[in-house]
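Data first, discussion second: the structure below is written as structure tokens.
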Amino acid sequence: MTTTPLLHSPAGPVDTEATAATPWPRVVALAAAVAVGLTVLLAAFAWPATRTAPRDVPVAVVGPPAAVEQVRAAVERTQPGALDLRPATDVAEARRLVEDREVYGALVLDPAAPRVVVATQAGPAVAQLLSSAAAGATGGTAAQVDDVAPAAEGDPRGAGLAAGALPIALGGGAGAVLLALRVRGPGRQAAGAVVLALLAGPAAAGVLHGWLGALSGDPVAEAAVLSLGLAATTLGVLGLAAVAGRVGLGLGMATVIALGNPLSAAASAPVLLPDGWAQLGQLLPPGAVVAALRAVSGFGGTGAAG
């Protein structure tokens with residue numbers, strides 16, 4: 001049997017293999033891998049942000065047919081394909097459509113009292129867009145803003161949910177990495193993921209709702225959504241690790257962080273992301289968590305089931 005040569009020193013024998021310098025090709029390969037990873041991560045986060053724009057945002061419109069067509073033509077001139085105008089019979093129907101989340105807002109083309117119905121918790125960026133569109137539709141006349149799902153009192157700009165999406169995704173992914181590397185047995189790993197979700201979900205809801213005031217719905221429902229999201233993330237990454245080892249673990253983390261978080265539309269709304277990517281973002285845990293939290297916080301749960 002061959003043995004590794006040892007060097008003797010006053011401190012004892014030294015393993016020459018352990019103290020040998022890392023080969024230069026490996027150093028270069030590791031540095032290149034980090035550079036590639038950083039480039040991909042930067043592109044994943046920056047690309048959706050730079051391509052955010054309204055795309056067929058469903059909006060109800062109330063008014064005489066001639067006025068509706070005039071607004072439609074004006075929108076197509078200034079922002080082609082931005083809004084999908086859907087006629088409504090009256091203000092009550094338009095408001096119901098917004099509350100039922102069939103449209104993002106409504107324009108009421110009443111010359112005497114123009115109004116725009118918005119739902120800030122469905123996406124502050126969309127609410128701001130509709131307010132601007134209302135001003136353009138009324139020729140600059142100030143329109144009354146009717147917000148059926150106003151922002152939480154403690155977070156009028158919706159920044160809390162936007163900033164909280166990444167830590168939630170990281171928490172689930174990091175939990176999966178820790179469980180995969182430090183816990184043996186798939187059953188125990190799964191049990192650890194469930195315990196993590198049951199503990200971290202209410203804690204996250206306590207921060208976002210109780211401390212920061214970024215959510216305004218039922219705290220129990222919000223905690224349930226966060227727990228389900230954390231469990232989905234952690235168990236999903238653990239599943240990939242069980243199938244493909246550390247490669248699967250890395251793939252799972254990359255999917256959640258590099259794809260899931262920037263495509264979650266936490267800082268905007270799904271209708272503002274490029275087609276296809278918006279749908280993918282809603283299928284991944286971060287996007288699903290954000291969508292469900294918005295539904296629970298601002299709409300009493302309407303639209304959260306999916």
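Please note that chains go A, B, ... in the order of the structure tokens, that every chain numbers its residues from 1, and that ligands are numbered from 1 in the order shown.
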
Within 12 Å of Ala267 (chain A), counting only C-alpha atoms, which residues qualify if same-chain residues fewer than 2 places away don't, as an mmCIF file with all heavy atoms, in the first residue's frame?
```
data_model
loop_
_atom_site.group_PDB
_atom_site.id
_atom_site.type_symbol
_atom_site.label_atom_id
_atom_site.label_comp_id
_atom_site.auth_asym_id
_atom_site.auth_seq_id
_atom_site.Cartn_x
_atom_site.Cartn_y
_atom_site.Cartn_z
ATOM 1 N N PHE A 45 -31.288 39.768 -13.242
ATOM 2 C CA PHE A 45 -31.944 40.798 -12.455
ATOM 3 C C PHE A 45 -32.179 42.074 -13.257
ATOM 4 O O PHE A 45 -33.204 42.742 -13.090
ATOM 5 C CB PHE A 45 -31.112 41.115 -11.202
ATOM 6 C CG PHE A 45 -31.382 40.195 -10.059
ATOM 7 C CD1 PHE A 45 -30.809 38.928 -10.014
ATOM 8 C CD2 PHE A 45 -32.226 40.565 -9.030
ATOM 9 C CE1 PHE A 45 -31.059 38.060 -8.970
ATOM 10 C CE2 PHE A 45 -32.492 39.699 -7.985
ATOM 11 C CZ PHE A 45 -31.901 38.450 -7.938
ATOM 12 N N PRO A 48 -35.233 41.963 -16.757
ATOM 13 C CA PRO A 48 -36.651 42.275 -16.564
ATOM 14 C C PRO A 48 -36.887 43.735 -16.197
ATOM 15 O O PRO A 48 -37.872 44.338 -16.614
ATOM 16 C CB PRO A 48 -37.066 41.331 -15.421
ATOM 17 C CG PRO A 48 -36.062 40.240 -15.431
ATOM 18 C CD PRO A 48 -34.786 40.893 -15.847
ATOM 19 N N ALA A 49 -35.974 44.315 -15.405
ATOM 20 C CA ALA A 49 -36.152 45.703 -14.984
ATOM 21 C C ALA A 49 -36.082 46.659 -16.165
ATOM 22 O O ALA A 49 -36.841 47.634 -16.236
ATOM 23 C CB ALA A 49 -35.099 46.068 -13.944
ATOM 24 N N THR A 52 -39.352 46.353 -18.536
ATOM 25 C CA THR A 52 -40.667 46.532 -17.927
ATOM 26 C C THR A 52 -41.460 47.590 -18.694
ATOM 27 O O THR A 52 -41.004 48.720 -18.859
ATOM 28 C CB THR A 52 -40.526 46.959 -16.457
ATOM 29 O OG1 THR A 52 -39.890 45.905 -15.729
ATOM 30 C CG2 THR A 52 -41.891 47.235 -15.842
ATOM 31 N N THR A 120 -54.193 49.604 -6.109
ATOM 32 C CA THR A 120 -52.756 49.773 -5.902
ATOM 33 C C THR A 120 -52.079 48.473 -5.497
ATOM 34 O O THR A 120 -50.956 48.186 -5.928
ATOM 35 C CB THR A 120 -52.500 50.853 -4.834
ATOM 36 O OG1 THR A 120 -53.027 52.092 -5.314
ATOM 37 C CG2 THR A 120 -51.014 51.021 -4.567
ATOM 38 N N GLN A 121 -52.751 47.644 -4.687
ATOM 39 C CA GLN A 121 -52.100 46.421 -4.228
ATOM 40 C C GLN A 121 -51.978 45.369 -5.322
ATOM 41 O O GLN A 121 -51.262 44.379 -5.154
ATOM 42 C CB GLN A 121 -52.840 45.855 -3.011
ATOM 43 C CG GLN A 121 -52.682 46.723 -1.778
ATOM 44 C CD GLN A 121 -52.653 45.911 -0.495
ATOM 45 O OE1 GLN A 121 -52.025 44.863 -0.413
ATOM 46 N NE2 GLN A 121 -53.312 46.414 0.537
ATOM 47 N N ALA A 122 -52.630 45.568 -6.457
ATOM 48 C CA ALA A 122 -52.418 44.667 -7.593
ATOM 49 C C ALA A 122 -51.123 44.999 -8.311
ATOM 50 O O ALA A 122 -50.631 44.197 -9.108
ATOM 51 C CB ALA A 122 -53.583 44.757 -8.568
ATOM 52 N N GLY A 123 -50.553 46.164 -8.009
ATOM 53 C CA GLY A 123 -49.316 46.610 -8.638
ATOM 54 C C GLY A 123 -49.281 48.124 -8.667
ATOM 55 O O GLY A 123 -49.995 48.730 -9.471
ATOM 56 N N PRO A 124 -48.485 48.758 -7.793
ATOM 57 C CA PRO A 124 -48.436 50.225 -7.757
ATOM 58 C C PRO A 124 -48.071 50.840 -9.103
ATOM 59 O O PRO A 124 -48.573 51.910 -9.456
ATOM 60 C CB PRO A 124 -47.355 50.514 -6.703
ATOM 61 C CG PRO A 124 -47.318 49.292 -5.846
ATOM 62 C CD PRO A 124 -47.634 48.149 -6.756
ATOM 63 N N ALA A 125 -47.201 50.173 -9.872
ATOM 64 C CA ALA A 125 -46.788 50.723 -11.166
ATOM 65 C C ALA A 125 -47.969 50.802 -12.125
ATOM 66 O O ALA A 125 -48.093 51.767 -12.897
ATOM 67 C CB ALA A 125 -45.674 49.869 -11.761
ATOM 68 N N VAL A 126 -48.856 49.796 -12.090
ATOM 69 C CA VAL A 126 -50.022 49.806 -12.970
ATOM 70 C C VAL A 126 -51.001 50.887 -12.537
ATOM 71 O O VAL A 126 -51.585 51.586 -13.383
ATOM 72 C CB VAL A 126 -50.704 48.424 -12.977
ATOM 73 C CG1 VAL A 126 -51.960 48.458 -13.835
ATOM 74 C CG2 VAL A 126 -49.753 47.368 -13.496
ATOM 75 N N ARG A 157 -46.009 52.951 -0.983
ATOM 76 C CA ARG A 157 -45.410 52.717 -2.304
ATOM 77 C C ARG A 157 -45.253 51.236 -2.630
ATOM 78 O O ARG A 157 -44.761 50.892 -3.704
ATOM 79 C CB ARG A 157 -44.043 53.395 -2.385
ATOM 80 C CG ARG A 157 -44.099 54.909 -2.296
ATOM 81 C CD ARG A 157 -42.708 55.507 -2.392
ATOM 82 N NE ARG A 157 -41.840 55.019 -1.315
ATOM 83 C CZ ARG A 157 -40.531 55.209 -1.265
ATOM 84 N NH1 ARG A 157 -39.920 55.843 -2.243
ATOM 85 N NH2 ARG A 157 -39.819 54.750 -0.251
ATOM 86 N N GLY A 158 -45.631 50.364 -1.732
ATOM 87 C CA GLY A 158 -45.490 48.930 -1.984
ATOM 88 C C GLY A 158 -44.058 48.450 -2.001
ATOM 89 O O GLY A 158 -43.746 47.408 -2.586
ATOM 90 N N ALA A 159 -43.171 49.202 -1.341
ATOM 91 C CA ALA A 159 -41.750 48.842 -1.371
ATOM 92 C C ALA A 159 -41.438 47.646 -0.486
ATOM 93 O O ALA A 159 -40.480 46.914 -0.736
ATOM 94 C CB ALA A 159 -40.902 50.039 -0.937
ATOM 95 N N GLY A 160 -42.222 47.440 0.569
ATOM 96 C CA GLY A 160 -41.944 46.356 1.509
ATOM 97 C C GLY A 160 -42.031 44.988 0.859
ATOM 98 O O GLY A 160 -41.144 44.146 1.031
ATOM 99 N N LEU A 161 -43.101 44.768 0.093
ATOM 100 C CA LEU A 161 -43.262 43.476 -0.578
ATOM 101 C C LEU A 161 -42.187 43.295 -1.639
ATOM 102 O O LEU A 161 -41.634 42.200 -1.798
ATOM 103 C CB LEU A 161 -44.642 43.382 -1.206
ATOM 104 C CG LEU A 161 -44.970 42.077 -1.940
ATOM 105 C CD1 LEU A 161 -44.832 40.884 -1.007
ATOM 106 C CD2 LEU A 161 -46.369 42.134 -2.535
ATOM 107 N N ALA A 162 -41.872 44.363 -2.378
ATOM 108 C CA ALA A 162 -40.837 44.275 -3.411
ATOM 109 C C ALA A 162 -39.483 43.915 -2.812
ATOM 110 O O ALA A 162 -38.746 43.087 -3.351
ATOM 111 C CB ALA A 162 -40.749 45.595 -4.169
ATOM 112 N N ALA A 163 -39.167 44.541 -1.665
ATOM 113 C CA ALA A 163 -37.880 44.258 -1.026
ATOM 114 C C ALA A 163 -37.878 42.920 -0.309
ATOM 115 O O ALA A 163 -36.826 42.291 -0.158
ATOM 116 C CB ALA A 163 -37.538 45.379 -0.040
ATOM 117 N N GLY A 164 -39.039 42.466 0.138
ATOM 118 C CA GLY A 164 -39.112 41.228 0.899
ATOM 119 C C GLY A 164 -39.110 39.976 0.052
ATOM 120 O O GLY A 164 -38.884 38.868 0.574
ATOM 121 N N ALA A 165 -39.333 40.103 -1.259
ATOM 122 C CA ALA A 165 -39.405 38.913 -2.106
ATOM 123 C C ALA A 165 -38.085 38.165 -2.149
ATOM 124 O O ALA A 165 -38.058 36.932 -2.086
ATOM 125 C CB ALA A 165 -39.834 39.309 -3.527
ATOM 126 N N LEU A 166 -36.968 38.889 -2.246
ATOM 127 C CA LEU A 166 -35.665 38.224 -2.332
ATOM 128 C C LEU A 166 -35.299 37.492 -1.042
ATOM 129 O O LEU A 166 -34.876 36.322 -1.105
ATOM 130 C CB LEU A 166 -34.579 39.232 -2.705
ATOM 131 C CG LEU A 166 -33.161 38.666 -2.810
ATOM 132 C CD1 LEU A 166 -33.103 37.531 -3.817
ATOM 133 C CD2 LEU A 166 -32.165 39.767 -3.201
ATOM 134 N N ASN A 261 -36.910 35.105 -8.624
ATOM 135 C CA ASN A 261 -37.042 36.409 -7.966
ATOM 136 C C ASN A 261 -37.217 37.563 -8.948
ATOM 137 O O ASN A 261 -38.161 38.344 -8.817
ATOM 138 C CB ASN A 261 -35.851 36.661 -7.047
ATOM 139 C CG ASN A 261 -36.044 37.889 -6.195
ATOM 140 O OD1 ASN A 261 -36.809 37.892 -5.253
ATOM 141 N ND2 ASN A 261 -35.351 38.964 -6.537
ATOM 142 N N PRO A 262 -36.354 37.741 -9.965
ATOM 143 C CA PRO A 262 -36.570 38.866 -10.879
ATOM 144 C C PRO A 262 -37.845 38.763 -11.703
ATOM 145 O O PRO A 262 -38.387 39.777 -12.135
ATOM 146 C CB PRO A 262 -35.324 38.846 -11.774
ATOM 147 C CG PRO A 262 -34.753 37.486 -11.639
ATOM 148 C CD PRO A 262 -35.097 37.021 -10.261
ATOM 149 N N LEU A 263 -38.346 37.534 -11.918
ATOM 150 C CA LEU A 263 -39.577 37.362 -12.686
ATOM 151 C C LEU A 263 -40.821 37.317 -11.804
ATOM 152 O O LEU A 263 -41.919 37.091 -12.302
ATOM 153 C CB LEU A 263 -39.497 36.071 -13.510
ATOM 154 C CG LEU A 263 -38.435 36.026 -14.611
ATOM 155 C CD1 LEU A 263 -38.475 34.683 -15.329
ATOM 156 C CD2 LEU A 263 -38.632 37.165 -15.613
ATOM 157 N N SER A 264 -40.658 37.551 -10.501
ATOM 158 C CA SER A 264 -41.810 37.508 -9.590
ATOM 159 C C SER A 264 -42.703 38.725 -9.745
ATOM 160 O O SER A 264 -43.844 38.718 -9.288
ATOM 161 C CB SER A 264 -41.321 37.422 -8.144
ATOM 162 O OG SER A 264 -40.663 38.625 -7.761
ATOM 163 N N ALA A 265 -42.216 39.791 -10.385
ATOM 164 C CA ALA A 265 -42.977 41.042 -10.569
ATOM 165 C C ALA A 265 -43.333 41.683 -9.246
ATOM 166 O O ALA A 265 -44.339 42.386 -9.137
ATOM 167 C CB ALA A 265 -44.236 40.798 -11.392
ATOM 168 N N ALA A 269 -45.709 44.400 -11.891
ATOM 169 C CA ALA A 269 -46.880 43.541 -12.062
ATOM 170 C C ALA A 269 -46.592 42.610 -13.229
ATOM 171 O O ALA A 269 -45.839 42.966 -14.135
ATOM 172 C CB ALA A 269 -48.137 44.365 -12.331
ATOM 173 N N PRO A 270 -47.168 41.409 -13.243
ATOM 174 C CA PRO A 270 -46.881 40.467 -14.327
ATOM 175 C C PRO A 270 -47.156 41.029 -15.717
ATOM 176 O O PRO A 270 -46.440 40.712 -16.673
ATOM 177 C CB PRO A 270 -47.799 39.282 -14.010
ATOM 178 C CG PRO A 270 -47.986 39.340 -12.530
ATOM 179 C CD PRO A 270 -48.014 40.803 -12.192
ATOM 180 N N VAL A 271 -48.188 41.885 -15.846
ATOM 181 C CA VAL A 271 -48.521 42.412 -17.177
ATOM 182 C C VAL A 271 -47.487 43.402 -17.685
ATOM 183 O O VAL A 271 -47.544 43.815 -18.849
ATOM 184 C CB VAL A 271 -49.907 43.094 -17.166
ATOM 185 C CG1 VAL A 271 -51.006 42.076 -17.020
ATOM 186 C CG2 VAL A 271 -49.978 44.151 -16.086
ATOM 187 N N LEU A 272 -46.527 43.772 -16.856
ATOM 188 C CA LEU A 272 -45.475 44.686 -17.287
ATOM 189 C C LEU A 272 -44.205 43.958 -17.722
ATOM 190 O O LEU A 272 -43.253 44.590 -18.182
ATOM 191 C CB LEU A 272 -45.136 45.673 -16.159
ATOM 192 C CG LEU A 272 -46.286 46.540 -15.648
ATOM 193 C CD1 LEU A 272 -45.780 47.523 -14.599
ATOM 194 C CD2 LEU A 272 -46.969 47.286 -16.794
ATOM 195 N N LEU A 273 -44.180 42.635 -17.578
ATOM 196 C CA LEU A 273 -43.020 41.847 -17.981
ATOM 197 C C LEU A 273 -43.228 41.296 -19.389
ATOM 198 O O LEU A 273 -44.362 41.166 -19.853
ATOM 199 C CB LEU A 273 -42.797 40.693 -17.004
ATOM 200 C CG LEU A 273 -42.429 41.067 -15.568
ATOM 201 C CD1 LEU A 273 -42.280 39.807 -14.716
ATOM 202 C CD2 LEU A 273 -41.160 41.891 -15.526
ATOM 203 N N GLY A 287 -42.826 34.131 -7.567
ATOM 204 C CA GLY A 287 -43.931 34.819 -8.221
ATOM 205 C C GLY A 287 -45.276 34.407 -7.664
ATOM 206 O O GLY A 287 -46.179 35.231 -7.494
ATOM 207 N N VAL A 290 -45.760 36.141 -4.237
ATOM 208 C CA VAL A 290 -46.090 37.559 -4.381
ATOM 209 C C VAL A 290 -47.539 37.726 -4.836
ATOM 210 O O VAL A 290 -48.289 38.548 -4.296
ATOM 211 C CB VAL A 290 -45.125 38.235 -5.372
ATOM 212 C CG1 VAL A 290 -45.613 39.626 -5.742
ATOM 213 C CG2 VAL A 290 -43.726 38.325 -4.777
ATOM 214 N N ALA A 291 -47.954 36.942 -5.840
ATOM 215 C CA ALA A 291 -49.324 37.046 -6.344
ATOM 216 C C ALA A 291 -50.343 36.691 -5.260
ATOM 217 O O ALA A 291 -51.361 37.368 -5.109
ATOM 218 C CB ALA A 291 -49.494 36.134 -7.558
ATOM 219 N N ARG A 294 -50.531 39.460 -2.570
ATOM 220 C CA ARG A 294 -51.310 40.598 -3.043
ATOM 221 C C ARG A 294 -52.807 40.304 -2.979
ATOM 222 O O ARG A 294 -53.608 41.158 -2.593
ATOM 223 C CB ARG A 294 -50.903 40.932 -4.486
ATOM 224 C CG ARG A 294 -49.583 41.695 -4.585
ATOM 225 C CD ARG A 294 -49.150 41.901 -6.019
ATOM 226 N NE ARG A 294 -48.032 42.846 -6.103
ATOM 227 C CZ ARG A 294 -47.246 42.999 -7.142
ATOM 228 N NH1 ARG A 294 -47.455 42.233 -8.232
ATOM 229 N NH2 ARG A 294 -46.270 43.881 -7.139
#
```

(request) Compile the contact shell of region 141-153 of chain A as an NGL selection string: residues with an atom at most 6 Å away, counting only C-alpha atoms, same-chain residues fewer than 2 positions apart removed. (result) :A and (114-121 or 138-139 or 155-156 or 214-216 or 298)

Only C-alpha atoms, please: the residues just picked out, written as a PDB file, in the first residue's frame.
```pdb
ATOM      1  CA  PRO A 114     -63.995  61.841 -14.924  1.00  0.00           C
ATOM      2  CA  ARG A 115     -62.833  59.020 -12.704  1.00  0.00           C
ATOM      3  CA  VAL A 116     -60.191  56.310 -12.679  1.00  0.00           C
ATOM      4  CA  VAL A 117     -60.643  53.137 -10.643  1.00  0.00           C
ATOM      5  CA  VAL A 118     -57.366  51.528  -9.594  1.00  0.00           C
ATOM      6  CA  ALA A 119     -56.145  48.783  -7.262  1.00  0.00           C
ATOM      7  CA  THR A 120     -52.756  49.773  -5.902  1.00  0.00           C
ATOM      8  CA  GLN A 121     -52.100  46.421  -4.228  1.00  0.00           C
ATOM      9  CA  THR A 138     -59.680  63.664 -20.095  1.00  0.00           C
ATOM     10  CA  GLY A 139     -57.456  66.202 -21.816  1.00  0.00           C
ATOM     11  CA  ASP A 155     -46.119  51.065   2.963  1.00  0.00           C
ATOM     12  CA  PRO A 156     -47.860  53.454   0.532  1.00  0.00           C
ATOM     13  CA  ALA A 214     -46.469  46.382   4.300  1.00  0.00           C
ATOM     14  CA  LEU A 215     -49.460  43.993   4.225  1.00  0.00           C
ATOM     15  CA  SER A 216     -53.034  44.779   5.228  1.00  0.00           C
ATOM     16  CA  GLY A 298     -55.660  43.679  -0.901  1.00  0.00           C
TER      17      GLY A 298
END
```

(request) Just list the residues in region 74-278 of chain A DSSP gives strand (DSSP E or B) on the backbone, as a list in words. (result)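 Strand (DSSP E or B) members of region 74-278 of chain A, listed: Leu83, Asp84, Leu85, Arg86, Pro87, Gly105, Ala106, Leu107, Val108, Arg115, Val116, Val117, Val118, Gln144, Val145, Asp146 and Asp147 of chain A.
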
Preceding selection exported with N, CA, C and O atoms as a PDB file, in the first residue's frame:
```pdb
ATOM      1  N   LEU A  83     -52.599  49.032 -23.500  1.00  0.00           N
ATOM      2  CA  LEU A  83     -53.834  48.754 -22.776  1.00  0.00           C
ATOM      3  C   LEU A  83     -54.788  47.932 -23.626  1.00  0.00           C
ATOM      4  O   LEU A  83     -54.870  48.095 -24.840  1.00  0.00           O
ATOM      5  N   ASP A  84     -55.506  47.044 -22.955  1.00  0.00           N
ATOM      6  CA  ASP A  84     -56.580  46.265 -23.574  1.00  0.00           C
ATOM      7  C   ASP A  84     -57.888  46.791 -22.991  1.00  0.00           C
ATOM      8  O   ASP A  84     -58.307  46.381 -21.907  1.00  0.00           O
ATOM      9  N   LEU A  85     -58.515  47.743 -23.708  1.00  0.00           N
ATOM     10  CA  LEU A  85     -59.718  48.404 -23.191  1.00  0.00           C
ATOM     11  C   LEU A  85     -60.941  47.510 -23.380  1.00  0.00           C
ATOM     12  O   LEU A  85     -61.203  47.015 -24.479  1.00  0.00           O
ATOM     13  N   ARG A  86     -61.686  47.329 -22.291  1.00  0.00           N
ATOM     14  CA  ARG A  86     -62.873  46.469 -22.313  1.00  0.00           C
ATOM     15  C   ARG A  86     -64.074  47.275 -21.847  1.00  0.00           C
ATOM     16  O   ARG A  86     -64.129  47.710 -20.692  1.00  0.00           O
ATOM     17  N   PRO A  87     -65.054  47.493 -22.714  1.00  0.00           N
ATOM     18  CA  PRO A  87     -66.201  48.322 -22.347  1.00  0.00           C
ATOM     19  C   PRO A  87     -66.981  47.754 -21.167  1.00  0.00           C
ATOM     20  O   PRO A  87     -67.154  46.536 -21.042  1.00  0.00           O
ATOM     21  N   GLY A 105     -57.877  47.969 -13.721  1.00  0.00           N
ATOM     22  CA  GLY A 105     -58.432  49.266 -13.374  1.00  0.00           C
ATOM     23  C   GLY A 105     -59.522  49.630 -14.355  1.00  0.00           C
ATOM     24  O   GLY A 105     -59.902  48.829 -15.225  1.00  0.00           O
ATOM     25  N   ALA A 106     -60.045  50.844 -14.210  1.00  0.00           N
ATOM     26  CA  ALA A 106     -61.132  51.284 -15.083  1.00  0.00           C
ATOM     27  C   ALA A 106     -61.036  52.787 -15.310  1.00  0.00           C
ATOM     28  O   ALA A 106     -60.640  53.540 -14.407  1.00  0.00           O
ATOM     29  N   LEU A 107     -61.404  53.211 -16.521  1.00  0.00           N
ATOM     30  CA  LEU A 107     -61.482  54.620 -16.865  1.00  0.00           C
ATOM     31  C   LEU A 107     -62.953  54.978 -17.049  1.00  0.00           C
ATOM     32  O   LEU A 107     -63.674  54.316 -17.805  1.00  0.00           O
ATOM     33  N   VAL A 108     -63.397  56.000 -16.356  1.00  0.00           N
ATOM     34  CA  VAL A 108     -64.776  56.472 -16.465  1.00  0.00           C
ATOM     35  C   VAL A 108     -64.746  57.795 -17.215  1.00  0.00           C
ATOM     36  O   VAL A 108     -64.310  58.816 -16.672  1.00  0.00           O
ATOM     37  N   ARG A 115     -63.300  59.822 -13.841  1.00  0.00           N
ATOM     38  CA  ARG A 115     -62.833  59.020 -12.704  1.00  0.00           C
ATOM     39  C   ARG A 115     -61.962  57.886 -13.202  1.00  0.00           C
ATOM     40  O   ARG A 115     -62.164  57.374 -14.317  1.00  0.00           O
ATOM     41  N   VAL A 116     -61.000  57.482 -12.391  1.00  0.00           N
ATOM     42  CA  VAL A 116     -60.191  56.310 -12.679  1.00  0.00           C
ATOM     43  C   VAL A 116     -60.258  55.396 -11.461  1.00  0.00           C
ATOM     44  O   VAL A 116     -60.091  55.838 -10.328  1.00  0.00           O
ATOM     45  N   VAL A 117     -60.582  54.136 -11.710  1.00  0.00           N
ATOM     46  CA  VAL A 117     -60.643  53.137 -10.643  1.00  0.00           C
ATOM     47  C   VAL A 117     -59.361  52.311 -10.717  1.00  0.00           C
ATOM     48  O   VAL A 117     -59.042  51.747 -11.766  1.00  0.00           O
ATOM     49  N   VAL A 118     -58.627  52.259  -9.623  1.00  0.00           N
ATOM     50  CA  VAL A 118     -57.366  51.528  -9.594  1.00  0.00           C
ATOM     51  C   VAL A 118     -57.363  50.565  -8.413  1.00  0.00           C
ATOM     52  O   VAL A 118     -58.245  50.603  -7.551  1.00  0.00           O
ATOM     53  N   GLN A 144     -60.960  61.990 -10.628  1.00  0.00           N
ATOM     54  CA  GLN A 144     -61.067  61.444  -9.276  1.00  0.00           C
ATOM     55  C   GLN A 144     -60.522  60.023  -9.262  1.00  0.00           C
ATOM     56  O   GLN A 144     -60.853  59.208 -10.125  1.00  0.00           O
ATOM     57  N   VAL A 145     -59.675  59.716  -8.297  1.00  0.00           N
ATOM     58  CA  VAL A 145     -59.075  58.390  -8.185  1.00  0.00           C
ATOM     59  C   VAL A 145     -59.833  57.587  -7.139  1.00  0.00           C
ATOM     60  O   VAL A 145     -59.951  58.004  -5.987  1.00  0.00           O
ATOM     61  N   ASP A 146     -60.344  56.441  -7.557  1.00  0.00           N
ATOM     62  CA  ASP A 146     -61.066  55.528  -6.664  1.00  0.00           C
ATOM     63  C   ASP A 146     -60.221  54.265  -6.524  1.00  0.00           C
ATOM     64  O   ASP A 146     -60.141  53.470  -7.460  1.00  0.00           O
ATOM     65  N   ASP A 147     -59.582  54.104  -5.381  1.00  0.00           N
ATOM     66  CA  ASP A 147     -58.680  52.966  -5.161  1.00  0.00           C
ATOM     67  C   ASP A 147     -59.423  51.881  -4.379  1.00  0.00           C
ATOM     68  O   ASP A 147     -59.714  52.036  -3.195  1.00  0.00           O
TER      69      ASP A 147
END
```

(request) Would you list, as an MDAnalysis selection string, the residues of region 41-290 of chain A that end up in helix (DSSP H, G or I) under DSSP run on this structure's backbone? (result) chainID A and resid 41:50 65:78 91:99 120:122 124:137 159:182 186:211 219:260 262:264 270:272 277:283 285:290

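The residue that comes closest to Leu130 (chain A), out of A:Ala66, A:Val75, A:Ala176, A:Ala221 and on the basis of only C-alpha atoms, is A:Val75.
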
Against region 180-193 of chain A, which residues of region 215-264 of chain A fall within 7 Å? For each one I want the closest pair of atoms and the distance in Å (one decimal), counting only C-alpha atoms, rows by chain and increasing residue number, as CSV.
```
residue,atom,partner,partner_atom,distance
A:Ala231,CA,A:Ala193,CA,6.1
A:Thr234,CA,A:Ala193,CA,6.0
A:Leu235,CA,A:Ala193,CA,6.4
A:Leu238,CA,A:Ala180,CA,6.5
```

For the residues selected in the previous step, produce a file with N, CA, C and O atoms as an mmCIF file, in the first residue's frame.
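After the write, out06.cif holds the following:
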```cif
data_model
loop_
_atom_site.group_PDB
_atom_site.id
_atom_site.type_symbol
_atom_site.label_atom_id
_atom_site.label_comp_id
_atom_site.auth_asym_id
_atom_site.auth_seq_id
_atom_site.Cartn_x
_atom_site.Cartn_y
_atom_site.Cartn_z
ATOM 1 N N ALA A 231 -42.211 26.380 1.914
ATOM 2 C CA ALA A 231 -42.199 24.916 1.784
ATOM 3 C C ALA A 231 -42.005 24.508 0.329
ATOM 4 O O ALA A 231 -41.238 23.578 0.020
ATOM 5 N N THR A 234 -38.258 25.205 -0.572
ATOM 6 C CA THR A 234 -37.323 24.304 0.095
ATOM 7 C C THR A 234 -37.466 22.867 -0.407
ATOM 8 O O THR A 234 -36.471 22.204 -0.738
ATOM 9 N N LEU A 235 -38.685 22.380 -0.486
ATOM 10 C CA LEU A 235 -38.899 21.010 -0.930
ATOM 11 C C LEU A 235 -38.543 20.839 -2.406
ATOM 12 O O LEU A 235 -38.029 19.791 -2.813
ATOM 13 N N LEU A 238 -34.760 20.672 -2.582
ATOM 14 C CA LEU A 238 -34.355 19.380 -2.022
ATOM 15 C C LEU A 238 -34.637 18.237 -2.996
ATOM 16 O O LEU A 238 -33.854 17.284 -3.109
#
```
